[in-house]
Amino acid sequence: TDALEQFSQIIKDQSIYSVYQPIISLQDGQVFGYEALTRGPKGSPFHSPLVMFQFAEQQGQLYALEKLAREKAVQGANLDNKQQLLFINISSHVLYDPQFIPGRTQEILHRHGLRPENVVFEITERSSIEDFSLAKKILEHYRKQGYRIAIDDAGAGYSSLQAIAELQPDFIKIDRSLIENIHINKVKEYILETFVTFAKKMNISLIAEGIEHADELIKLTRLGVHYAQGYLLGRPSEGPSTVDENLRML
Ligand code: G
Ligand code: G
Ligand code: MN
Ligand code: NA
C-alpha cells in the first residue's frame with residue numbers, strides 16, 4: 001500500500017498516540033507539567049512526528065492530523081493534579097485558522113475535565129512566522145480564552161527578542177542547541193544570561209530544553225533558569241511518567 005493509503009488508515013483508525021515528557025521546576029524539583037509529543041503507530045514510517053506532520057501538510061491533511069493529535073494529547077494526559085500544565089505543540093500552519101483552537105480544543109478539554117488554563121500551546125520559532133501581525137492577533141485571542149503560549153526552540157531560529165516580546169508569550173523554551181555544553185561554552189552562557197535578564201523584566205518564564213548532563217543542569221540552575229526538560233530529567237514516556245533519579249540532585 002502506498003504512503004497516502006497508510007496515512008489515511010491511521011487517521012481513520014485514530015492509531016496515533018502521545019508520549020509525555022516531564023518539565024521540572026528547578027526551584028523545588030517538582031513536575032511542573034508535561035509536553036505531549038505525538039507518535040504514529042510503532043513500526044510505521046509515520047512513527048516520527050516530523051515525518052507524519054510533514055506528510056500531512058503536503059497532502060493537505062494537516063488539520064485532520066492536528067485535531068486527532070490534540071484529542072490524543074488530552075486523552076492520555078495524566079496530570080497528577082489540576083495544577084500541572086499540559087504543553088501541546090501546534091504547527092504554525094494551523095495557527096492561521098481562527099476556528100481551529102477555540103472550537104475543537106475547548107470541547108476536547110471539557111470532555112476530559114480540563115480547562116484552557118491547564119494548557120500551554122507551543123509555537124515554534126524555528127520557521128519564522130509567516131504573517132506576524134495575524135499570528136499576534138490569534139495568540140492574543142487564545143490567551144483571552146485562558147490558554148498560555150510558549151515560544152518553542154528559542155535561540156535556534158531567526159526571530160529577534162523584539163519579535164518574541166511582541167507575541168507576549170508566557171514561556172520561552174530555550175532550544176537544546178543553546179543548552180548543550182552550556183557549562184563549558186562561555187558564548188552560550190552569555191546568551192543565556194541575556195535571556196534570563198530579558199525574561200525576568202518581561203515576566204516570562206524560561207524553560208531549558210534537552211538537558212542531558214548534570215553539569216548543564218547545575219549551570220542552568222545557577223543562571224536562574226526556572227524550568228528544565230531533557231533526557232537527564234525524564235524521557236518522553238507513554239505511561240504515568242516516572243521522573244528520573246537525577247532529580248534528587250536538585
Ligand atoms: O518527539 P520528537 O523529538 O520526535 O519530535 C520531533 C518534532 O515533532 C518536535 O519538533 C516536536 O515539536 C514535533 N511534534 C511532536 N508532536 C507534535 C504535535 O502533536 N504537533 C506538532 N505540530 N508537532 C509535533
Ligand atoms: O521541537 P521540540 O522542542 O518540540 O522537540 C522536542 C523533541 O526533543 C522531542 O521529540 C523529544 O523527544 C526531544 N528531546 C527531549 N529531551 C531531549 C534530550 O535531552 N536530548 C535530545 N537529544 N532530545 C530530546
Ligand atoms: Mn516542543
Ligand atoms: Na524545542
# chains A, B, ... in the order shown; residues from 1 in each chain; ligands from 1
>>> select_by_dssp(residues="segment 12-228 of chain A", states="alpha helix (DSSP H)", output="JSON, numbers by chain")
{"A": [12, 13, 49, 50, 51, 52, 53, 54, 55, 56, 57, 58, 62, 63, 64, 65, 66, 67, 68, 69, 70, 71, 72, 73, 74, 75, 76, 106, 107, 108, 109, 110, 111, 132, 133, 134, 135, 136, 137, 138, 139, 140, 141, 142, 143, 144, 145, 161, 162, 163, 164, 165, 166, 176, 177, 178, 179, 186, 187, 188, 189, 190, 191, 192, 193, 194, 195, 196, 197, 198, 199, 200, 201, 202, 214, 215, 216, 217, 218, 219, 220, 221, 222, 223]}
>>> residues_around(residues="segment 148-157 of chain A", least_positions_apart="5", cutoff="9 Å", atoms="only C-alpha atoms", output="ChimeraX atom specification")
/A:87,89,116-128,139,142-143,164,167-178,191,209
>>> write_last_selection(atoms="C-alpha atoms", output="PDB file, in the first residue's frame")
ATOM      1  CA  PHE A  87       2.220  21.552  26.828  1.00  0.00           C
ATOM      2  CA  ASN A  89       2.887  21.615  20.104  1.00  0.00           C
ATOM      3  CA  PRO A 116      -7.829  26.094  28.756  1.00  0.00           C
ATOM      4  CA  GLU A 117      -5.941  27.175  31.888  1.00  0.00           C
ATOM      5  CA  ASN A 118      -4.380  23.692  32.003  1.00  0.00           C
ATOM      6  CA  VAL A 119      -2.914  24.025  28.509  1.00  0.00           C
ATOM      7  CA  VAL A 120       0.148  25.732  27.057  1.00  0.00           C
ATOM      8  CA  PHE A 121       0.450  25.878  23.275  1.00  0.00           C
ATOM      9  CA  GLU A 122       3.999  25.624  21.960  1.00  0.00           C
ATOM     10  CA  ILE A 123       4.627  27.614  18.813  1.00  0.00           C
ATOM     11  CA  THR A 124       7.980  27.030  17.192  1.00  0.00           C
ATOM     12  CA  GLU A 125      10.069  29.960  16.110  1.00  0.00           C
ATOM     13  CA  ARG A 126      12.259  27.679  14.021  1.00  0.00           C
ATOM     14  CA  SER A 127      10.489  28.562  10.819  1.00  0.00           C
ATOM     15  CA  SER A 128       9.885  32.257  11.040  1.00  0.00           C
ATOM     16  CA  LEU A 139      -2.305  34.314  20.045  1.00  0.00           C
ATOM     17  CA  TYR A 142      -6.087  32.228  22.681  1.00  0.00           C
ATOM     18  CA  ARG A 143      -4.763  33.965  25.742  1.00  0.00           C
ATOM     19  CA  ILE A 164       9.275  37.246  20.791  1.00  0.00           C
ATOM     20  CA  LEU A 167       3.936  37.784  20.809  1.00  0.00           C
ATOM     21  CA  GLN A 168       3.650  38.163  24.607  1.00  0.00           C
ATOM     22  CA  PRO A 169       4.364  34.541  25.465  1.00  0.00           C
ATOM     23  CA  ASP A 170       4.049  33.159  28.968  1.00  0.00           C
ATOM     24  CA  PHE A 171       7.031  30.853  28.400  1.00  0.00           C
ATOM     25  CA  ILE A 172      10.145  30.802  26.277  1.00  0.00           C
ATOM     26  CA  LYS A 173      11.600  27.354  25.638  1.00  0.00           C
ATOM     27  CA  ILE A 174      15.318  27.594  25.002  1.00  0.00           C
ATOM     28  CA  ASP A 175      16.445  25.289  22.228  1.00  0.00           C
ATOM     29  CA  ARG A 176      18.689  22.338  23.023  1.00  0.00           C
ATOM     30  CA  SER A 177      21.417  23.702  20.750  1.00  0.00           C
ATOM     31  CA  LEU A 178      21.974  26.525  23.262  1.00  0.00           C
ATOM     32  CA  ILE A 191      23.370  34.369  25.524  1.00  0.00           C
ATOM     33  CA  GLU A 209      15.217  22.014  26.721  1.00  0.00           C
TER      34      GLU A 209
END
>>> residues_near_ligand(ligand="ligand 2", cutoff="6 Å", atoms="only C-alpha atoms and all ligand atoms", output="PyMOL selection string")
chain A and resi 152-153+210-212+230-231
>>> write_last_selection(atoms="C-alpha atoms", output="CSV table (one decimal), in the first residue's frame")
chain,number,residue,atom,x,y,z
A,152,ASP,CA,9.5,26.8,21.3
A,153,ASP,CA,13.0,26.3,20.1
A,210,GLY,CA,17.3,19.0,26.1
A,211,ILE,CA,19.3,18.7,29.3
A,212,GLU,CA,21.4,15.5,29.1
A,230,GLY,CA,15.6,16.7,28.9
A,231,TYR,CA,16.6,13.1,29.0
>>> residues_around(residues="Glu57 of chain A", least_positions_apart="5", cutoff="10 Å", atoms="only C-alpha atoms", output="VMD selection string")
chain A and resid 52 62 to 65 91 93 to 94
>>> write_last_selection(atoms="N, CA and C atoms", output="short mmCIF file (atom, residue, chain, number, x, y, z; two decimals), in the first residue's frame")
data_model
loop_
_atom_site.label_atom_id
_atom_site.label_comp_id
_atom_site.auth_asym_id
_atom_site.auth_seq_id
_atom_site.Cartn_x
_atom_site.Cartn_y
_atom_site.Cartn_z
N MET A 52 5.45 12.41 9.92
CA MET A 52 3.99 12.36 9.83
C MET A 52 3.38 13.74 9.60
N LEU A 62 -3.31 18.39 7.18
CA LEU A 62 -2.74 18.80 8.47
C LEU A 62 -3.81 19.00 9.54
N TYR A 63 -4.94 19.59 9.17
CA TYR A 63 -5.98 19.85 10.18
C TYR A 63 -6.50 18.56 10.77
N ALA A 64 -6.69 17.58 9.92
CA ALA A 64 -7.20 16.29 10.39
C ALA A 64 -6.23 15.69 11.40
N LEU A 65 -4.94 15.75 11.08
CA LEU A 65 -3.93 15.18 11.98
C LEU A 65 -3.82 16.00 13.27
N SER A 91 1.48 23.35 15.08
CA SER A 91 2.18 23.76 13.87
C SER A 91 1.77 25.19 13.52
N HIS A 93 1.30 26.42 10.88
CA HIS A 93 0.36 26.47 9.76
C HIS A 93 -1.10 26.48 10.20
N VAL A 94 -1.39 25.80 11.31
CA VAL A 94 -2.79 25.79 11.76
C VAL A 94 -3.10 27.03 12.60
#
>>> atom_distance(atom1="atom CA of Lys67 of chain A", atom2="atom CA of Ile204 of chain A")
28.2 Å
>>> residues_near_ligand(ligand="ligand 1", cutoff="8 Å", atoms="only C-alpha atoms and all ligand atoms", output="ChimeraX atom specification")
/A:18-19,36-39,48-50,53,66,69-70,73,88-92,122,124,152,236
>>> atom_distance(atom1="atom CA of Tyr227 of chain A", atom2="atom CA of Leu79 of chain A")
17.3 Å
>>> select_by_dssp(residues="segment 10-145 of chain A", states="strand (DSSP E or B)", output="JSON, numbers by chain")
{"A": [17, 18, 19, 20, 21, 22, 23, 24, 25, 31, 32, 33, 34, 35, 36, 37, 38, 39, 85, 86, 87, 88, 89, 90, 119, 120, 121, 122, 123, 124]}
>>> closest_residue(among="A:Ser44, A:Asn181, A:Gln229, A:Ser133", to="ligand 3", atoms="only C-alpha atoms and all ligand atoms")
A:Gln229
